[in-house]
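To start, the structure under review is shown below, and the notes come after it.
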Amino acid sequence: MTAAEAVPAEESAPAAPSAESVAPAAPSAESVAPAPGATPPRTPLVARAAAELTGTAALVAVVVGSGIQATELTKDVGLQLLANSTATVFGLGILILLLGPVSGAHFNPVVTLAEWWTARRGGAGVTLREVAVYLPAQIVGAIAGAILADAMFGEPLVKWSTHDRSAGHLLLGEVVATAGLILLIFGLARADQLRFAPVAVASYIGAAYWFTSSTSFANPAVTIGRAFTDTFAGIAPGSVLGFIGVQLVGAVVGLALVALIFMPGRKAAE
């Protein structure tokens with residue numbers, strides 16, 4: 001989940017050449033396409049942490065709140081999932097569009113860790129210090145979002161979920177969901193198509209709600225947050241570690257697929 005590219009419009013040239021117009025202009029932070037989740041270097045770290053906390057909280061509030069609303073409106077499980085997934089698609093797309101230019105709109109520890117890994121390998125991305133700030137912000141935000149959703153619907157503020165999700169086929173679904181998400185985000189970066197990230201990432205998550213057995217958590221922070229609510233979107237605490245483990249596996253698989261599919265081409269011999 002990451003920011004779309006922002007390219008400032010060019011101003012008309014002055015009548016007489018100035019020193020600035022003769023010397024080559026240094027690329028500004030806004031004119032350089034960010035890596036997945038990468039942010040303008042002048043954005044203060046505290047602002048990025050606040051964006052990650054707020055964005056993750058809002059995302060979980062959307063997921064949990066729409067799940068509660070759906071179960072109150074209908075007993076049809078299919079319609080409940082449709083309402084839940086539709087709200088998540090729109091909510092996630094808006095959050096990425098809004099907060100992407102600030103923090104990169106990760107809202108997801110596996111995205112942050114994957115970006116840190118690519119930075120270690122010579123790509124653009126977050127530093128270890130930024131990882132140490134982003135991850136706690138995402139986890140705290142996810143827990144706060146679940147509590148907020150419960151509060152809005154008059155549910156107990158904290159009630160551990162009883163929704164067991166420990167079956168093997170659900171864990172496989174999480175591997176697939178997370179691998180696909182990482183492949184999408186970092187593939188868009190390799191293909192220089194990050195401007196489509198808000199629509200693409202939200203659309204993928206909406207689709208993965210339906211084609212994966214786990215309904216595509218694909219996010220350790222969101223997984224932790226959803227353990228705090230015993231509602232439609234919840235996950236039992238005993239299932240959390242298993243989900244997070246396979247999400248990390250999925251992230252590794254996704255990065256491997258990015259390296260394989262988007263392998264740099266060789267220039268043809270002159």
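Order determines the names: the first chain of the structure tokens is A, the second B, and so forth; residues in each chain are numbered 1 upward, and ligands are numbered 1 upward as they are shown.
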| message | Taking only range 41-270 of chain A into account, list the residues labelled alpha helix (DSSP H) by DSSP (computed from the backbone), as number ranges by chain. | response | A: 45-73, 77-103, 109-120, 128-152, 168-190, 197-211, 220-226, 237-261
| request: Mind checking which residues fall within 12 Å of Leu95 in chain A, counting only C-alpha atoms, ignoring those fewer than 5 positions away in the same chain, and posting them as a ChimeraX atom specification? | output: /A:1-4,51-60,62,88-90,100-107,197-199,201-202
Keeping only N, CA, C and O atoms, take the residues you just selected and write them out as a compact mmCIF listing (two decimals), in the first residue's frame.
```txt
# COMPACT_ATOMS: atom_id res chain seq x y z
N MET A 1 0.85 -1.15 0.00
CA MET A 1 0.00 0.00 0.00
C MET A 1 0.89 1.20 0.00
O MET A 1 1.70 1.38 0.87
N THR A 2 0.70 2.11 -0.93
CA THR A 2 1.73 3.10 -1.13
C THR A 2 1.20 4.30 -1.86
O THR A 2 0.11 4.30 -2.38
N ALA A 3 2.02 5.33 -1.87
CA ALA A 3 1.56 6.59 -2.43
C ALA A 3 1.59 6.58 -3.94
O ALA A 3 2.42 5.95 -4.56
N ALA A 4 0.68 7.32 -4.56
CA ALA A 4 0.71 7.52 -6.00
C ALA A 4 1.74 8.60 -6.30
O ALA A 4 2.10 9.42 -5.45
N ALA A 51 0.66 9.46 10.55
CA ALA A 51 -0.12 9.03 9.38
C ALA A 51 -0.31 7.52 9.38
O ALA A 51 -1.41 7.02 9.06
N GLU A 52 0.74 6.78 9.73
CA GLU A 52 0.62 5.32 9.78
C GLU A 52 -0.34 4.87 10.88
O GLU A 52 -1.15 3.96 10.68
N LEU A 53 -0.25 5.50 12.04
CA LEU A 53 -1.16 5.16 13.14
C LEU A 53 -2.60 5.48 12.78
O LEU A 53 -3.50 4.64 12.93
N THR A 54 -2.82 6.69 12.26
CA THR A 54 -4.17 7.12 11.91
C THR A 54 -4.74 6.29 10.77
O THR A 54 -5.91 5.86 10.81
N GLY A 55 -3.93 6.05 9.75
CA GLY A 55 -4.41 5.29 8.60
C GLY A 55 -4.75 3.85 8.95
O GLY A 55 -5.77 3.31 8.51
N THR A 56 -3.90 3.21 9.76
CA THR A 56 -4.17 1.83 10.16
C THR A 56 -5.40 1.76 11.06
O THR A 56 -6.23 0.84 10.94
N ALA A 57 -5.54 2.74 11.96
CA ALA A 57 -6.72 2.79 12.82
C ALA A 57 -7.99 2.94 11.98
O ALA A 57 -9.00 2.26 12.22
N ALA A 58 -7.95 3.85 11.01
CA ALA A 58 -9.12 4.06 10.16
C ALA A 58 -9.44 2.81 9.34
O ALA A 58 -10.62 2.45 9.18
N LEU A 59 -8.41 2.15 8.84
CA LEU A 59 -8.63 0.94 8.05
C LEU A 59 -9.31 -0.14 8.88
O LEU A 59 -10.29 -0.77 8.44
N VAL A 60 -8.82 -0.38 10.09
CA VAL A 60 -9.42 -1.41 10.94
C VAL A 60 -10.82 -1.00 11.37
O VAL A 60 -11.73 -1.83 11.45
N VAL A 62 -12.89 0.68 9.59
CA VAL A 62 -13.72 0.40 8.43
C VAL A 62 -14.04 -1.09 8.35
O VAL A 62 -15.19 -1.50 8.14
N THR A 88 -14.43 -1.91 2.66
CA THR A 88 -12.97 -1.96 2.78
C THR A 88 -12.30 -1.44 1.53
O THR A 88 -11.29 -0.69 1.61
N VAL A 89 -12.81 -1.79 0.36
CA VAL A 89 -12.23 -1.32 -0.90
C VAL A 89 -12.24 0.20 -0.96
O VAL A 89 -11.21 0.84 -1.23
N PHE A 90 -13.39 0.80 -0.71
CA PHE A 90 -13.48 2.26 -0.79
C PHE A 90 -12.67 2.93 0.31
O PHE A 90 -11.97 3.92 0.06
N GLY A 100 -0.82 8.54 1.48
CA GLY A 100 0.35 8.07 0.74
C GLY A 100 1.45 9.10 0.60
O GLY A 100 2.62 8.80 0.82
N PRO A 101 1.12 10.35 0.25
CA PRO A 101 2.17 11.36 0.11
C PRO A 101 2.89 11.69 1.42
O PRO A 101 3.95 12.30 1.39
N VAL A 102 2.31 11.31 2.55
CA VAL A 102 2.93 11.62 3.84
C VAL A 102 3.83 10.48 4.31
O VAL A 102 5.02 10.67 4.55
N SER A 103 3.24 9.28 4.44
CA SER A 103 4.00 8.15 5.01
C SER A 103 4.25 7.03 4.03
O SER A 103 4.98 6.09 4.34
N GLY A 104 3.65 7.09 2.85
CA GLY A 104 3.71 5.97 1.92
C GLY A 104 2.52 5.05 2.08
O GLY A 104 2.33 4.13 1.30
N ALA A 105 1.68 5.31 3.11
CA ALA A 105 0.45 4.54 3.33
C ALA A 105 0.72 3.04 3.37
O ALA A 105 0.08 2.26 2.69
N HIS A 106 1.68 2.63 4.19
CA HIS A 106 1.93 1.20 4.37
C HIS A 106 0.75 0.55 5.08
O HIS A 106 0.17 -0.40 4.57
N PHE A 107 0.46 1.02 6.30
CA PHE A 107 -0.60 0.47 7.16
C PHE A 107 -0.41 -1.03 7.39
O PHE A 107 -1.36 -1.72 7.74
N ALA A 197 -1.57 2.96 -7.56
CA ALA A 197 -1.60 2.18 -6.32
C ALA A 197 -2.90 2.29 -5.54
O ALA A 197 -3.42 1.26 -5.06
N PRO A 198 -3.49 3.48 -5.34
CA PRO A 198 -4.73 3.53 -4.56
C PRO A 198 -5.83 2.64 -5.13
O PRO A 198 -6.49 1.90 -4.38
N VAL A 199 -6.01 2.68 -6.42
CA VAL A 199 -7.05 1.85 -7.04
C VAL A 199 -6.63 0.39 -7.08
O VAL A 199 -7.42 -0.51 -6.76
N VAL A 201 -4.34 -1.42 -5.29
CA VAL A 201 -4.23 -2.12 -4.01
C VAL A 201 -5.61 -2.36 -3.41
O VAL A 201 -5.91 -3.45 -2.92
N ALA A 202 -6.46 -1.33 -3.43
CA ALA A 202 -7.81 -1.50 -2.89
C ALA A 202 -8.59 -2.56 -3.68
O ALA A 202 -9.30 -3.38 -3.08
```
Contact check, range 61-141 of chain A to range 214-223 of chain A, at most 6 Å, counting only C-alpha atoms, closest pairs as CSV:
```
residue,atom,partner,partner_atom,distance
A:Asn108,CA,A:Asn219,CA,5.3
A:Gln138,CA,A:Ala221,CA,6.0
A:Ile139,CA,A:Ala221,CA,4.7
```
| request: Using only C-alpha atoms, determine which residues lie at most 12 Å from Leu170 in chain A, disregarding the query and same-chain residues fewer than 6 positions distant; provide the list as a ChimeraX atom specification. | output: /A:164,176-177,211-218,235,239-240,242-243,246-247
| request: For CA of Met152 in chain A and CA of Ser66 in chain A, determine how far apart the two atoms are, in Å to one decimal place. | output: 11.0 Å
| request: Between A:Gly125, A:Gly67, A:Gly91, A:Gly254, single out the one closest to Ala149 in chain A, counting only C-alpha atoms. | output: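 Nearest candidate to Ala149 in chain A out of A:Gly125, A:Gly67, A:Gly91, A:Gly254: A:Gly67.
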| request: Fewer than 5 positions away in the same chain doesn't count, so skip those; otherwise give me all residues within 12 Å of Leu184 in chain A, counting only C-alpha atoms, as a ChimeraX atom specification. | output: /A:1-2,36,111,177-179,189-194,196-205,251,254-255,257-258,261-262
